[in-house]
$ cat model.json   # JSON, C-alpha atoms
[["chain", "number", "residue", "atom", "x", "y", "z"],
["G", 1, "MET", "CA", 6.64, 71.17, -69.76],
["G", 2, "PRO", "CA", 9.81, 73.28, -69.36],
["G", 3, "HIS", "CA", 10.56, 74.93, -66.03],
["G", 4, "ARG", "CA", 9.75, 78.62, -65.77],
["G", 5, "PRO", "CA", 11.92, 79.73, -62.84],
["G", 6, "PHE", "CA", 11.51, 83.13, -61.27],
["G", 7, "VAL", "CA", 14.58, 85.24, -61.97],
["G", 8, "GLN", "CA", 13.41, 88.38, -60.19],
["G", 9, "LEU", "CA", 11.41, 89.40, -57.14],
["G", 10, "ALA", "CA", 9.85, 92.86, -57.43],
["G", 11, "TYR", "CA", 8.49, 94.96, -54.60],
["G", 12, "HIS", "CA", 6.35, 98.04, -54.99],
["G", 13, "VAL", "CA", 7.78, 100.82, -52.80],
["G", 14, "PRO", "CA", 6.88, 104.48, -52.33],
["G", 15, "ASP", "CA", 10.52, 105.63, -52.69],
["G", 16, "ILE", "CA", 13.10, 103.54, -54.54],
["G", 17, "PHE", "CA", 16.08, 105.41, -53.06],
["G", 18, "GLU", "CA", 14.97, 104.89, -49.45],
["G", 19, "ALA", "CA", 14.00, 101.28, -50.14],
["G", 20, "ALA", "CA", 17.32, 100.49, -51.83],
["G", 21, "GLU", "CA", 19.25, 101.90, -48.86],
["G", 22, "ARG", "CA", 17.10, 99.82, -46.48],
["G", 23, "TRP", "CA", 17.40, 96.56, -48.47],
["G", 24, "ALA", "CA", 21.18, 97.03, -48.69],
["G", 25, "ALA", "CA", 21.55, 97.74, -44.96],
["G", 26, "GLU", "CA", 19.11, 95.12, -43.68],
["G", 27, "ARG", "CA", 19.43, 92.27, -46.21],
["G", 28, "GLY", "CA", 22.77, 92.88, -47.92],
["G", 29, "ALA", "CA", 20.99, 93.19, -51.27],
["G", 30, "GLY", "CA", 22.59, 95.26, -53.98],
["G", 31, "PRO", "CA", 24.25, 97.27, -55.16],
["G", 32, "PHE", "CA", 21.18, 98.94, -56.67],
["G", 33, "TYR", "CA", 21.12, 100.55, -60.08],
["G", 34, "ILE", "CA", 18.45, 103.22, -60.39],
["G", 35, "ASN", "CA", 16.56, 103.91, -63.62],
["G", 36, "GLU", "CA", 14.15, 106.84, -63.23],
["G", 37, "HIS", "CA", 11.09, 107.46, -65.41],
["G", 38, "ILE", "CA", 11.71, 104.45, -67.64],
["G", 39, "PRO", "CA", 10.35, 105.35, -71.09],
["G", 40, "VAL", "CA", 7.40, 103.18, -72.06],
["G", 41, "GLU", "CA", 6.44, 103.72, -75.69],
["G", 42, "ARG", "CA", 3.08, 102.00, -75.37],
["G", 43, "ALA", "CA", 1.07, 100.51, -72.52],
["G", 44, "LEU", "CA", -2.14, 98.54, -72.28],
["G", 45, "TYR", "CA", -4.05, 98.14, -69.05],
["G", 46, "ARG", "CA", -6.52, 95.24, -69.22],
["G", 47, "GLY", "CA", -6.67, 95.64, -73.00],
["G", 48, "GLN", "CA", -7.16, 99.42, -73.02],
["G", 49, "PRO", "CA", -4.54, 102.09, -73.83],
["G", 50, "GLY", "CA", -2.87, 103.47, -70.73],
["G", 51, "GLU", "CA", 0.24, 105.16, -69.41],
["G", 52, "PHE", "CA", 2.87, 103.81, -67.07],
["G", 53, "ASP", "CA", 5.52, 106.10, -65.64],
["G", 54, "HIS", "CA", 7.74, 104.16, -63.28],
["G", 55, "SER", "CA", 11.20, 104.16, -61.78],
["G", 56, "SER", "CA", 13.06, 101.07, -60.63],
["G", 57, "ALA", "CA", 16.09, 100.10, -58.59],
["G", 58, "TYR", "CA", 17.73, 96.81, -59.61],
["G", 59, "GLY", "CA", 20.03, 94.85, -57.31],
["G", 60, "GLN", "CA", 20.97, 91.28, -56.53],
["G", 61, "LEU", "CA", 19.60, 89.24, -53.62],
["G", 62, "GLY", "CA", 21.32, 85.89, -53.62],
["G", 63, "SER", "CA", 20.59, 84.12, -56.89],
["G", 64, "VAL", "CA", 17.75, 86.40, -58.01],
["G", 65, "MET", "CA", 17.48, 89.98, -59.11],
["G", 66, "LEU", "CA", 15.58, 92.27, -56.75],
["G", 67, "GLU", "CA", 13.61, 95.09, -58.33],
["G", 68, "LEU", "CA", 12.18, 97.94, -56.29],
["G", 69, "VAL", "CA", 9.51, 99.64, -58.39],
["G", 70, "GLN", "CA", 7.82, 102.98, -57.83],
["G", 71, "GLN", "CA", 4.92, 104.06, -60.02],
["G", 72, "ASN", "CA", 5.20, 107.81, -60.62],
["G", 73, "ASN", "CA", 1.80, 108.46, -62.20],
["G", 74, "ASP", "CA", -1.68, 107.89, -60.80],
["G", 75, "GLY", "CA", -3.14, 106.00, -63.74],
["G", 76, "PRO", "CA", -4.55, 102.50, -63.49],
["G", 77, "SER", "CA", -2.05, 99.65, -63.75],
["G", 78, "GLY", "CA", -1.26, 96.21, -62.47],
["G", 79, "VAL", "CA", 0.77, 97.96, -59.79],
["G", 80, "ARG", "CA", -2.14, 100.16, -58.65],
["G", 81, "ASP", "CA", -4.40, 97.09, -58.67],
["G", 82, "MET", "CA", -2.39, 95.91, -55.66],
["G", 83, "TYR", "CA", -0.85, 98.96, -54.00],
["G", 84, "ALA", "CA", -1.65, 102.61, -53.34],
["G", 85, "PRO", "CA", 1.28, 105.04, -53.81],
["G", 86, "ASP", "CA", 2.24, 104.94, -50.12],
["G", 87, "GLU", "CA", 2.01, 101.15, -49.71],
["G", 88, "GLN", "CA", 4.67, 98.52, -50.27],
["G", 89, "GLY", "CA", 4.92, 94.81, -50.75],
["G", 90, "LEU", "CA", 5.72, 92.00, -53.16],
["G", 91, "HIS", "CA", 4.23, 92.91, -56.53],
["G", 92, "HIS", "CA", 5.56, 90.36, -59.00],
["G", 93, "CYS", "CA", 7.95, 87.53, -59.70],
["G", 94, "ALA", "CA", 9.49, 87.63, -63.15],
["G", 95, "THR", "CA", 10.23, 84.86, -65.59],
["G", 96, "ILE", "CA", 12.11, 84.90, -68.88],
["G", 97, "VAL", "CA", 10.55, 82.77, -71.61],
["G", 98, "PRO", "CA", 11.54, 81.74, -75.14],
["G", 99, "ASP", "CA", 8.36, 83.12, -76.79],
["G", 100, "PHE", "CA", 6.51, 86.09, -75.28],
["G", 101, "LYS", "CA", 3.21, 85.75, -77.17],
["G", 102, "ASP", "CA", 3.01, 82.00, -76.60],
["G", 103, "GLU", "CA", 3.50, 82.54, -72.86],
["G", 104, "LEU", "CA", 0.74, 85.17, -72.67],
["G", 105, "ASP", "CA", -1.57, 82.78, -74.53],
["G", 106, "ARG", "CA", -0.61, 79.95, -72.16],
["G", 107, "TYR", "CA", -1.51, 82.04, -69.11],
["G", 108, "GLU", "CA", -4.82, 83.05, -70.66],
["G", 109, "ASP", "CA", -5.56, 79.39, -71.45],
["G", 110, "LEU", "CA", -4.95, 78.70, -67.74],
["G", 111, "GLY", "CA", -7.62, 81.28, -66.84],
["G", 112, "PHE", "CA", -5.39, 84.23, -65.95],
["G", 113, "THR", "CA", -5.65, 87.70, -67.48],
["G", 114, "VAL", "CA", -3.01, 90.11, -68.71],
["G", 115, "ALA", "CA", -3.17, 93.11, -66.38],
["G", 116, "ASN", "CA", -0.61, 95.15, -68.34],
["G", 117, "GLU", "CA", 1.37, 94.83, -71.51],
["G", 118, "PHE", "CA", 4.25, 97.21, -72.21],
["G", 119, "TRP", "CA", 6.48, 98.10, -75.15],
["G", 120, "LEU", "CA", 9.84, 99.78, -74.56],
["G", 121, "ALA", "CA", 12.21, 101.40, -77.03],
["G", 122, "GLY", "CA", 14.12, 98.84, -79.07],
["G", 123, "GLY", "CA", 11.25, 96.36, -79.27],
["G", 124, "MET", "CA", 11.41, 95.05, -75.71],
["G", 125, "GLN", "CA", 8.06, 93.81, -74.37],
["G", 126, "PHE", "CA", 6.95, 92.72, -70.93],
["G", 127, "ALA", "CA", 3.64, 92.01, -69.26],
["G", 128, "PHE", "CA", 2.09, 91.63, -65.83],
["G", 129, "ILE", "CA", -0.12, 88.55, -65.59],
["G", 130, "ASP", "CA", -2.77, 88.82, -62.89],
["G", 131, "THR", "CA", -2.15, 85.73, -60.76],
["G", 132, "VAL", "CA", -2.96, 87.52, -57.50],
["G", 133, "ALA", "CA", -5.98, 85.37, -56.58],
["G", 134, "VAL", "CA", -3.85, 82.19, -56.79],
["G", 135, "TYR", "CA", -0.31, 83.27, -55.85],
["G", 136, "GLY", "CA", -0.79, 86.59, -54.06],
["G", 137, "HIS", "CA", 1.30, 88.47, -56.64],
["G", 138, "MET", "CA", 1.54, 89.19, -60.35],
["G", 139, "VAL", "CA", 3.86, 87.29, -62.68],
["G", 140, "GLU", "CA", 5.98, 89.37, -65.03],
["G", 141, "VAL", "CA", 6.82, 87.81, -68.39],
["G", 142, "TYR", "CA", 9.80, 88.78, -70.55],
["G", 143, "GLU", "CA", 11.20, 87.24, -73.70],
["G", 144, "GLY", "CA", 14.88, 86.37, -73.34],
["G", 145, "GLN", "CA", 16.33, 89.03, -75.62],
["G", 146, "PRO", "CA", 20.12, 89.59, -75.60],
["G", 147, "GLY", "CA", 19.94, 93.08, -74.05],
["G", 148, "LEU", "CA", 17.77, 91.86, -71.18],
["G", 149, "LEU", "CA", 19.98, 88.85, -70.50],
["G", 150, "GLN", "CA", 23.07, 91.08, -70.53],
["G", 151, "PHE", "CA", 21.42, 93.46, -68.04],
["G", 152, "TYR", "CA", 20.72, 90.57, -65.65],
["G", 153, "GLU", "CA", 24.36, 89.46, -65.99],
["G", 154, "LEU", "CA", 25.64, 92.98, -65.24],
["G", 155, "ILE", "CA", 23.51, 93.26, -62.09],
["G", 156, "GLU", "CA", 24.68, 89.84, -60.89],
["G", 157, "ALA", "CA", 28.33, 90.63, -61.66],
["G", 158, "ALA", "CA", 28.14, 93.92, -59.74],
["G", 159, "ALA", "CA", 27.08, 91.99, -56.63],
["G", 160, "GLU", "CA", 30.01, 89.55, -56.78],
["G", 161, "GLY", "CA", 32.43, 90.59, -54.05],
["G", 162, "TRP", "CA", 30.45, 93.75, -53.29],
["G", 163, "ASP", "CA", 31.39, 95.06, -49.84],
["G", 164, "GLY", "CA", 28.17, 96.99, -49.16],
["G", 165, "SER", "CA", 29.62, 100.40, -49.97],
["G", 166, "ASP", "CA", 28.02, 102.76, -52.47],
["G", 167, "PRO", "CA", 24.66, 100.91, -52.57],
["G", 168, "ILE", "CA", 22.98, 103.48, -54.86],
["G", 169, "ARG", "CA", 24.18, 103.72, -58.45],
["G", 170, "PHE", "CA", 22.57, 104.57, -61.78],
["G", 171, "VAL", "CA", 21.80, 102.43, -64.83],
["G", 172, "ALA", "CA", 23.05, 105.29, -67.04],
["G", 173, "ASP", "CA", 26.53, 104.88, -65.48],
["G", 174, "MET", "CA", 26.78, 101.08, -65.98],
["G", 175, "ASN", "CA", 28.64, 101.16, -69.28],
["G", 176, "ARG", "CA", 30.99, 104.02, -68.51]]
$ encode --input "model.json" --output "structure tokens"
Amino acid sequence: MPHRPFVQLAYHVPDIFEAAERWAAERGAGPFYINEHIPVERALYRGQPGEFDHSSAYGQLGSVMLELVQQNNDGPSGVRDMYAPDEQGLHHCATIVPDFKDELDRYEDLGFTVANEFWLAGGMQFAFIDTVAVYGHMVEVYEGQPGLLQFYELIEAAAEGWDGSDPIRFVADMNR
């Protein structure tokens, strides 16, 4: 069986700006690129239609991406399954796989359930697999599409030689 390494650690936080400043100051993580109210075209929560309004800060922590995620709406989700709006903690570890649907099927065959499935503009899909009872966190699954892989490379490159200044930046400004 091929390895499925975790490429991202994601923490639920009440405020991504405050959390990004703290992670940068205390752990040297970053710089963080903020993406507010990420547009989700379609969301399923445990097989039922749902909504997911979230904002994220993406930075680098050693060899893995660090995501700080804040859910902006009160609807049910894999995030709310674990954390209330004012709580924080490790929510998921992400993995990039060659075939998204095959990986969801594999997890279901192992006895896990899909907590959320999301569709973003441009055909990007990701899902939260409920592995909390076994691992204490969700697993996020992505298919290794070129845009996603490029985003990971940009975040990693921004951290190379970073001196800790200007820890808060915006995804919208990355390609300017």
$ residues_near_point --input "model.json" --point "(5.7, 91.4, -68.1)" --cutoff "10 Å" --atoms "only C-alpha atoms" --output "VMD selection string"
chain G and resid 92 to 96 100 104 114 to 119 125 to 129 138 to 143
$ residues_around --input "model.json" --residues "region 152-156 of chain G" --least-positions-apart "5" --cutoff "8 Å" --atoms "all atoms listed in the file" --output "NGL selection string"
:G and (33 or 58-60 or 65)
$ residues_around --input "model.json" --residues "Glu67 (chain G)" --least-positions-apart "4" --cutoff "9 Å" --atoms "only C-alpha atoms" --output "NGL selection string"
:G and (8-12 or 32 or 56-60)
$ residues_around --input "model.json" --residues "Glu87 (chain G)" --least-positions-apart "6" --cutoff "10 Å" --atoms "all atoms listed in the file" --output "number ranges by chain"
G: 12-14, 80
$ atom_distance --input "model.json" --atom1 "CA of His37 (chain G)" --atom2 "CA of Val79 (chain G)"
15.1 Å
$ atom_distance --input "model.json" --atom1 "CA of Pro76 (chain G)" --atom2 "CA of Phe17 (chain G)"
23.3 Å
$ residues_near_point --input "model.json" --point "(9.3, 79.1, -70.8)" --cutoff "8 Å" --atoms "all atoms listed in the file" --output "number ranges by chain"
G: 2-4, 95-99, 103
$ write_last_selection --input "model.json" --atoms "C-alpha atoms" --output "mmCIF file, in the coordinates of the input"
data_model
loop_
_atom_site.group_PDB
_atom_site.id
_atom_site.type_symbol
_atom_site.label_atom_id
_atom_site.label_comp_id
_atom_site.auth_asym_id
_atom_site.auth_seq_id
_atom_site.Cartn_x
_atom_site.Cartn_y
_atom_site.Cartn_z
ATOM 1 C CA PRO G 2 9.810 73.280 -69.360
ATOM 2 C CA HIS G 3 10.560 74.930 -66.030
ATOM 3 C CA ARG G 4 9.750 78.620 -65.770
ATOM 4 C CA THR G 95 10.230 84.860 -65.590
ATOM 5 C CA ILE G 96 12.110 84.900 -68.880
ATOM 6 C CA VAL G 97 10.550 82.770 -71.610
ATOM 7 C CA PRO G 98 11.540 81.740 -75.140
ATOM 8 C CA ASP G 99 8.360 83.120 -76.790
ATOM 9 C CA GLU G 103 3.500 82.540 -72.860
#
$ closest_residue --input "model.json" --among "G:Asp102, G:Gly161, G:Val40, G:Phe151" --to "Asn175 (chain G)" --atoms "all atoms listed in the file"
G:Phe151
$ closest_residue --input "model.json" --among "G:Leu66, G:Pro146, G:Gly136, G:Gln48" --to "Trp23 (chain G)" --atoms "only C-alpha atoms"
G:Leu66
$ closest_residue --input "model.json" --among "G:Val7, G:Ala19, G:Ala133, G:Ala43" --to "Gln88 (chain G)" --atoms "all atoms listed in the file"
G:Ala19
$ build_atoms --input "model.json" --residues "region 22-46 of chain G" --atoms "N, CA, C and O atoms" --output "tab-separated table (two decimals), keeping the file's coordinate frame"
chain	number	residue	atom	x	y	z
G	22	ARG	N	17.58	100.72	-47.53
G	22	ARG	CA	17.10	99.82	-46.48
G	22	ARG	C	17.42	98.36	-46.83
G	22	ARG	O	17.93	97.61	-45.99
G	23	TRP	N	17.12	97.94	-48.08
G	23	TRP	CA	17.40	96.56	-48.47
G	23	TRP	C	18.91	96.27	-48.39
G	23	TRP	O	19.31	95.17	-47.99
G	24	ALA	N	19.73	97.23	-48.77
G	24	ALA	CA	21.18	97.03	-48.69
G	24	ALA	C	21.63	96.88	-47.24
G	24	ALA	O	22.41	95.98	-46.91
G	25	ALA	N	21.13	97.76	-46.36
G	25	ALA	CA	21.55	97.74	-44.96
G	25	ALA	C	21.01	96.53	-44.21
G	25	ALA	O	21.72	95.93	-43.40
G	26	GLU	N	19.75	96.18	-44.46
G	26	GLU	CA	19.11	95.12	-43.68
G	26	GLU	C	19.31	93.72	-44.25
G	26	GLU	O	19.35	92.75	-43.50
G	27	ARG	N	19.38	93.60	-45.57
G	27	ARG	CA	19.43	92.27	-46.21
G	27	ARG	C	20.73	92.02	-46.97
G	27	ARG	O	20.94	90.91	-47.47
G	28	GLY	N	21.55	93.04	-47.14
G	28	GLY	CA	22.77	92.88	-47.92
G	28	GLY	C	22.52	92.80	-49.41
G	28	GLY	O	23.37	92.37	-50.18
G	29	ALA	N	21.33	93.20	-49.84
G	29	ALA	CA	20.99	93.19	-51.27
G	29	ALA	C	21.68	94.37	-51.96
G	29	ALA	O	21.89	95.41	-51.37
G	30	GLY	N	22.03	94.15	-53.21
G	30	GLY	CA	22.59	95.26	-53.98
G	30	GLY	C	23.89	94.86	-54.64
G	30	GLY	O	24.23	93.68	-54.69
G	31	PRO	N	24.61	95.86	-55.13
G	31	PRO	CA	24.25	97.27	-55.16
G	31	PRO	C	23.05	97.51	-56.09
G	31	PRO	O	22.78	96.69	-56.96
G	32	PHE	N	22.37	98.62	-55.89
G	32	PHE	CA	21.18	98.94	-56.67
G	32	PHE	C	21.49	99.95	-57.75
G	32	PHE	O	22.13	100.96	-57.49
G	33	TYR	N	21.00	99.65	-58.93
G	33	TYR	CA	21.12	100.55	-60.08
G	33	TYR	C	19.75	101.15	-60.35
G	33	TYR	O	18.78	100.44	-60.62
G	34	ILE	N	19.69	102.47	-60.26
G	34	ILE	CA	18.45	103.22	-60.39
G	34	ILE	C	18.22	103.60	-61.85
G	34	ILE	O	19.14	104.05	-62.53
G	35	ASN	N	16.99	103.44	-62.29
G	35	ASN	CA	16.56	103.91	-63.62
G	35	ASN	C	15.25	104.67	-63.38
G	35	ASN	O	14.23	104.06	-63.06
G	36	GLU	N	15.31	106.00	-63.52
G	36	GLU	CA	14.15	106.84	-63.23
G	36	GLU	C	13.34	107.11	-64.49
G	36	GLU	O	13.90	107.32	-65.57
G	37	HIS	N	12.02	107.14	-64.33
G	37	HIS	CA	11.09	107.46	-65.41
G	37	HIS	C	11.42	106.66	-66.68
G	37	HIS	O	11.70	107.22	-67.74
G	38	ILE	N	11.38	105.36	-66.54
G	38	ILE	CA	11.71	104.45	-67.64
G	38	ILE	C	10.74	104.70	-68.79
G	38	ILE	O	9.52	104.63	-68.61
G	39	PRO	N	11.26	105.01	-69.97
G	39	PRO	CA	10.35	105.35	-71.09
G	39	PRO	C	9.59	104.13	-71.63
G	39	PRO	O	10.19	103.17	-72.08
G	40	VAL	N	8.29	104.20	-71.52
G	40	VAL	CA	7.40	103.18	-72.06
G	40	VAL	C	6.74	103.79	-73.29
G	40	VAL	O	6.05	104.80	-73.20
G	41	GLU	N	7.00	103.18	-74.44
G	41	GLU	CA	6.44	103.72	-75.69
G	41	GLU	C	4.95	103.49	-75.79
G	41	GLU	O	4.23	104.31	-76.34
G	42	ARG	N	4.50	102.35	-75.28
G	42	ARG	CA	3.08	102.00	-75.37
G	42	ARG	C	2.74	101.12	-74.18
G	42	ARG	O	3.54	100.29	-73.77
G	43	ALA	N	1.53	101.32	-73.64
G	43	ALA	CA	1.07	100.51	-72.52
G	43	ALA	C	-0.40	100.17	-72.71
G	43	ALA	O	-1.18	101.01	-73.17
G	44	LEU	N	-0.75	98.95	-72.35
G	44	LEU	CA	-2.14	98.54	-72.28
G	44	LEU	C	-2.43	98.14	-70.84
G	44	LEU	O	-1.61	97.47	-70.20
G	45	TYR	N	-3.58	98.57	-70.35
G	45	TYR	CA	-4.05	98.14	-69.05
G	45	TYR	C	-5.36	97.41	-69.27
G	45	TYR	O	-6.34	97.99	-69.72
G	46	ARG	N	-5.35	96.10	-69.02
G	46	ARG	CA	-6.52	95.24	-69.22
G	46	ARG	C	-7.15	95.47	-70.59
G	46	ARG	O	-8.35	95.61	-70.75
